[in-house]
Amino acid sequence: MRAEPPPDSATRELHLMMRQRESLRASFRTAWDDLATRWNEADLDAWSAAVLELVNVNAGPGCLNAFWDISRSEPGNDIAALLAAAGAAAEICREAGARAAALSLKSLPIARNAFASAPELARWWRALTQFAHDAPDAVEPLAQRMSAILAPGSVEAFENFIASGLKLAGTDRRVRHNYFTLQHELAQRLISRDLGGVDFAETERHLKVFVTALWGRVPLFRALPCGDTAVARRSAIAGPLIRLPEVYRGFEGNEAWRLYRAATAHAQAHLVLGSGRFPVGKLKPLQIVLVGLIEDARIETLAMRQLPGLRRLWAPFHTAKPAGIATAQALLARLARALFDDGYPDDHGFIEKGRALFAAAQTRLDDPAIAREVGMLLGNDLGQMRLQFNAKTHVVEPVYRDDNLGLWDFDEPPQANADVLEMFVDAARLERQENDGAPPDDQQPSGSDAGKARPVAPDSRGTVLAKYPEWDRRHGIERPEWTTVRDVAALRGDPRRIVEALDRADALRSRVAQLVRGLRIGRSIRLSRQPIGHDLDLDAVIDAGLALRTGQEPDPRVFRSSTSKHRDLAALLLIDTSQSTSDRLRSGTTVLDVERIAVAVLAEAMQKLGDPFGLLAFASDGRDDVRLTSVKAFNEPYGTEAMARLDGLASGYSTRLGTVLRHAGAVIGDARSFRKLVLVLTDGEPSDIDVGDPADLTEDARRAAMGLHARGIDAFGVVLGSAGMAAAARIFGRGNTMLVHRVEDLPARLSELYFRLARR
């Protein structure tokens with residue numbers, strides 16, 4: 001018998017308080033009596049102090065009951081983990097409220113299943129409490145969907161998921177709500193990806209051949225999509241369909257392939273050897289689970305009688321051991337192994353009884369009724385052990401087996417408690433997704449559209465042209481529709497200023513005119529083996545002589561001629577007008593002034609050559625405001641109006657180059673020239689007000705430049721000053737980057753570069 005606690009102890013204070021809380025008294029006494037059999041007085045006093053901490057922050061009955069429930073289900077006697085949970089829940093309550101704290105505590109069993117170590121669980125709590133501080137309104141939806149969010153199985157993925165959502169939404173609560181309720185495309189992509197894993201799409205064709213060879217029937221497979229509140233962790237059977245998770249978390253390479261084969265062989269065995277669905281009746285959740293376990297054992301025994309090699313396929317996944325705390329989940333896994341493997345030693349009374357009942361039914365394994373008979377008996381025994389069992393968080397073991405919901409008849413109204421009803425509501429929702437979960441094939445977006453621009457409605461900051469994705473360097477993903485490109489109307493300046501500037505650069509214009517004349521004539525190329533020409537082709541003459549000597553018909557094409565190579569080139573010049581272009585040089589002019597004259601000289605030359613070209617000025621003010629100003633479109637001549645727009649350009653804002661390059665690809669992609677060239681004129685590395693690390697935008701721009709190259713579009717960077725050279729070389733490649741050390745040299749260097757590129 002325990003001694004009376006000291007008068008100043010937390011235990012005594014908590015008991016006195018609970019005597020006055022009639023609504024909590026019974027649940028508290030149940031929890032206390034359970035814990036008192038496992039812990040010493042010091043542990044109980046520490047636990048009481050933790051409860052009082054929750055009381056002192058007005059956590060409410062729901063939060064207290066949640067804490068008592070997880071305390072009773074805590075594996076082992078690790079009170080430190082519970083004290084940490086209480087402290088975290090109290091902090092969440094202060095920031096986000098009592099309901100958020102209660103939901104966070106209720107999600108702890110999910111986190112325990114997802115993380116293998118105490119340090120990972122501690123990191124999960126730290127991330128959750130920080131999230132409550134950063135976005136208190138989003139804690140509840142996140143906690144309610146914890147099963148889905150923790151599906152990737154690593155605490156790093158959880159931290160990245162939160163960071164991505166906060167970065168995506170900024171101060172927009174609507175976007176934040178959509179993300180953390182898993183309605184946003186990015187959230188769905190993050191919880192469904194498994195780096196280095198093998199997915200269903202990769203294995204589907206092989207699995208169909210494999211299962212058809214096993215059972216002589218062509219299987220019907222379908223990927224099991226993510227829902228809003230859960231991610232498939234097991235396969236499922238829905239009518240004739242076998243639905244497989246898009247990925248099995250934690251399994252990679254050959255191990256993942258073996259798991260997919262084991263899962264499909266098991267599921268098809270149910271369809272081939274099973275016989276109809278079981279009525280629910282008045283079964284309790286634990287009995288339903290045990291009936292499913294016995295049916296799995298029955299089907300697999302029959303399958304291995306026909307195909308003995310299946311034992312080698314399934315055996316590696318039975319890893320339960322006769323050790324540790326005998327929780328309901330652990331005993332179910334041990335029983336599954338015991339019924340599969342006769343050589344598995346386990347002397348627990350429940351396991352021995354399960355083996356005996358199943359062995360007694362061996363003579364009538366063809367009768368599915370034995371699953372219900374044996375399952376109900378074992379369910380009663382396990383229920384009498386007073387072990388906690390949560391049907392909502394239960395996961396069938398071993399991993400290759402399906403969720404067993406396909407065994408039950410949903411059309412019969414379940415005469416059971418709320419837990420059973422909820423199990424069937426979830427299962428029915430899973431089946432409805434087969435017809436309702438996706439648009440018809442003719443309405444689904446084409447895979448070829450991935451990463452392309454999305455047209456959107458007009459906006460007061462300028463006509464919205466499109467939305468583009470952007471690469472997130474930290475998380476290694478492409479964020480869809482992350483940036484918005486706007487067409488900002490050009491301000492009209494005075495075209496006479498451009499004309500006067502060209503007149504002052506008369507020497508440069510003369511040199512460029514010479515280059516134009518040379519390029520107009522074109523480069524002479526030699527043509528061999530021609531039917532007519534100004535000279536003999538000696539190689540062709542020798543071949544013709546040999547043919548005559550051997551009695552063969554000679555090739556009459558023995559002449560050599562030359563011709564001018566025809567150029568078919570379209571160019572798009574991108575002009576950086578960010579705030580840094582307002583810097584003044586020693587001469588008193590600005591960087592933008594020099595850019596204007598350089599562009600004017602080159603535009604005049606391209607106009608004379610007849611090369612189709614466009615001029616676009618760019619700047620950005622955050623991801624939602626990437627500004628493009630058209631100085632000259634491809635379908636209009638270069639004249640007074642274009643000069644007026646060029647003169648009207650003004651410096652301001654930042655440089656989000658990746659989005660600009662993507663839009664440039666869309667603009668020049670419509671040109672009908674064989675060769676397409678994008679020239680970027682900039683004075684620094686990419687940057688923007690909503691990106692802390694410029695390397696993020698540099699990497700995104702590099703991927704955008706690679707995308708242009710993949711489409712056959714050449715991208716070349718012209719950098720003013722050495723400050724932006726490293727970033728430009730990273731983006732375009734060192735061979736496609738030209739450094740202009742003195743900004744004043746830009747007009748000459750830019751034109752020379754164009755003529756060099758035009759001759760390629």
# chains A, B, ... in the order shown; residues from 1 in each chain; ligands from 1

call {"tool": "residues_around", "arguments": {"residues": "segment 530-536 of chain A", "least_positions_apart": "3", "cutoff": "8 Å", "atoms": "only C-alpha atoms", "output": "PyMOL selection string"}}
result
chain A and resi 527+541+556-561

call {"tool": "closest_residue", "arguments": {"among": "A:Ile597, A:Leu128, A:Ala466, A:Glu481", "to": "Ala666 of chain A", "atoms": "only C-alpha atoms"}}
result
A:Ala466

call {"tool": "closest_residue", "arguments": {"among": "A:Leu83, A:Leu310, A:Ser275, A:Val155", "to": "Glu120 of chain A", "atoms": "only C-alpha atoms"}}
result
A:Val155

call {"tool": "residues_around", "arguments": {"residues": "Tyr260 of chain A", "least_positions_apart": "4", "cutoff": "9 Å", "atoms": "only C-alpha atoms", "output": "list in words"}}
result
Phe200, Thr203, Leu207, Leu244, Tyr248, Glu255, Ala256, Thr264, Ala265 and Tyr400 of chain A

call {"tool": "residues_around", "arguments": {"residues": "segment 704-716 of chain A", "least_positions_apart": "3", "cutoff": "7 Å", "atoms": "only C-alpha atoms", "output": "PyMOL selection string"}}
result
chain A and resi 658+661-662+665+676-680+700-701+731-732+736-737

call {"tool": "closest_residue", "arguments": {"among": "A:Ala371, A:Leu103, A:Ala81, A:Ala143", "to": "Ala118 of chain A", "atoms": "only C-alpha atoms"}}
result
A:Ala81

call {"tool": "closest_atom_pairs", "arguments": {"of": "segment 584-626 of chain A", "to": "segment 749-760 of chain A", "cutoff": "9 Å", "atoms": "only C-alpha atoms", "output": "tab-separated table"}}
result
residue	atom	partner	partner_atom	distance
A:Ala598	CA	A:Leu750	CA	6.7
A:Val599	CA	A:Leu750	CA	8.1
A:Val601	CA	A:Ser751	CA	7.4
A:Leu602	CA	A:Ser751	CA	5.4
A:Ala605	CA	A:Ser751	CA	8.2

call {"tool": "closest_residue", "arguments": {"among": "A:Glu300, A:Glu74, A:Glu185, A:Asp539", "to": "Ile325 of chain A", "atoms": "only C-alpha atoms"}}
result
A:Glu74

call {"tool": "atom_distance", "arguments": {"atom1": "atom CA of Gly60 of chain A", "atom2": "atom CA of Gln388 of chain A"}}
result
23.2 Å

call {"tool": "closest_residue", "arguments": {"among": "A:Trp32, A:Tyr179, A:Trp314, A:Phe115", "to": "Val139 of chain A", "atoms": "only C-alpha atoms"}}
result
A:Tyr179

call {"tool": "decode", "arguments": {"residues": "segment 501-560 of chain A", "atoms": "C-alpha atoms", "output": "PDB file, in the first residue's frame"}}
result
ATOM      1  CA  ALA A 501      22.969  59.016 -78.566  1.00  0.00           C
ATOM      2  CA  LEU A 502      23.426  56.984 -81.758  1.00  0.00           C
ATOM      3  CA  ASP A 503      24.817  60.016 -83.532  1.00  0.00           C
ATOM      4  CA  ARG A 504      27.388  60.465 -80.760  1.00  0.00           C
ATOM      5  CA  ALA A 505      28.398  56.812 -81.252  1.00  0.00           C
ATOM      6  CA  ASP A 506      29.066  57.333 -84.958  1.00  0.00           C
ATOM      7  CA  ALA A 507      32.375  55.412 -84.936  1.00  0.00           C
ATOM      8  CA  LEU A 508      30.741  52.380 -83.353  1.00  0.00           C
ATOM      9  CA  ARG A 509      27.841  52.514 -85.814  1.00  0.00           C
ATOM     10  CA  SER A 510      30.291  52.549 -88.736  1.00  0.00           C
ATOM     11  CA  ARG A 511      32.101  49.478 -87.404  1.00  0.00           C
ATOM     12  CA  VAL A 512      28.802  47.672 -86.859  1.00  0.00           C
ATOM     13  CA  ALA A 513      27.684  48.615 -90.392  1.00  0.00           C
ATOM     14  CA  GLN A 514      30.764  46.856 -91.772  1.00  0.00           C
ATOM     15  CA  LEU A 515      29.854  43.742 -89.776  1.00  0.00           C
ATOM     16  CA  VAL A 516      26.343  43.956 -91.152  1.00  0.00           C
ATOM     17  CA  ARG A 517      27.580  44.051 -94.732  1.00  0.00           C
ATOM     18  CA  GLY A 518      29.851  41.075 -94.104  1.00  0.00           C
ATOM     19  CA  LEU A 519      27.077  39.095 -92.536  1.00  0.00           C
ATOM     20  CA  ARG A 520      24.667  39.989 -95.354  1.00  0.00           C
ATOM     21  CA  ILE A 521      27.075  38.527 -97.902  1.00  0.00           C
ATOM     22  CA  GLY A 522      27.182  35.469 -95.727  1.00  0.00           C
ATOM     23  CA  ARG A 523      29.837  32.935 -95.063  1.00  0.00           C
ATOM     24  CA  SER A 524      31.018  30.974 -98.079  1.00  0.00           C
ATOM     25  CA  ILE A 525      30.854  27.226 -97.680  1.00  0.00           C
ATOM     26  CA  ARG A 526      32.398  24.616-100.024  1.00  0.00           C
ATOM     27  CA  LEU A 527      30.185  21.993-101.641  1.00  0.00           C
ATOM     28  CA  SER A 528      31.787  18.706-102.773  1.00  0.00           C
ATOM     29  CA  ARG A 529      30.696  16.160-105.413  1.00  0.00           C
ATOM     30  CA  GLN A 530      28.512  18.547-107.417  1.00  0.00           C
ATOM     31  CA  PRO A 531      27.191  17.871-110.992  1.00  0.00           C
ATOM     32  CA  ILE A 532      28.489  21.293-112.087  1.00  0.00           C
ATOM     33  CA  GLY A 533      31.055  23.659-110.639  1.00  0.00           C
ATOM     34  CA  HIS A 534      34.060  25.893-111.109  1.00  0.00           C
ATOM     35  CA  ASP A 535      36.676  23.280-110.166  1.00  0.00           C
ATOM     36  CA  LEU A 536      37.239  19.532-110.120  1.00  0.00           C
ATOM     37  CA  ASP A 537      36.753  17.634-106.884  1.00  0.00           C
ATOM     38  CA  LEU A 538      39.902  15.442-106.840  1.00  0.00           C
ATOM     39  CA  ASP A 539      38.466  12.861-104.436  1.00  0.00           C
ATOM     40  CA  ALA A 540      35.419  12.435-106.679  1.00  0.00           C
ATOM     41  CA  VAL A 541      37.611  12.196-109.803  1.00  0.00           C
ATOM     42  CA  ILE A 542      39.720   9.426-108.253  1.00  0.00           C
ATOM     43  CA  ASP A 543      36.597   7.502-107.213  1.00  0.00           C
ATOM     44  CA  ALA A 544      35.202   7.833-110.756  1.00  0.00           C
ATOM     45  CA  GLY A 545      38.497   6.552-112.263  1.00  0.00           C
ATOM     46  CA  LEU A 546      38.491   3.518-109.976  1.00  0.00           C
ATOM     47  CA  ALA A 547      34.901   2.771-110.938  1.00  0.00           C
ATOM     48  CA  LEU A 548      35.781   2.840-114.652  1.00  0.00           C
ATOM     49  CA  ARG A 549      38.776   0.505-114.183  1.00  0.00           C
ATOM     50  CA  THR A 550      36.637  -2.044-112.321  1.00  0.00           C
ATOM     51  CA  GLY A 551      33.837  -1.940-114.899  1.00  0.00           C
ATOM     52  CA  GLN A 552      31.382  -0.026-112.720  1.00  0.00           C
ATOM     53  CA  GLU A 553      29.251   3.019-113.569  1.00  0.00           C
ATOM     54  CA  PRO A 554      31.142   6.175-112.367  1.00  0.00           C
ATOM     55  CA  ASP A 555      29.432   8.932-110.366  1.00  0.00           C
ATOM     56  CA  PRO A 556      29.184  11.984-112.674  1.00  0.00           C
ATOM     57  CA  ARG A 557      29.287  14.415-109.720  1.00  0.00           C
ATOM     58  CA  VAL A 558      33.003  15.254-109.940  1.00  0.00           C
ATOM     59  CA  PHE A 559      32.912  19.056-109.530  1.00  0.00           C
ATOM     60  CA  ARG A 560      33.339  21.408-106.595  1.00  0.00           C
TER      61      ARG A 560
END
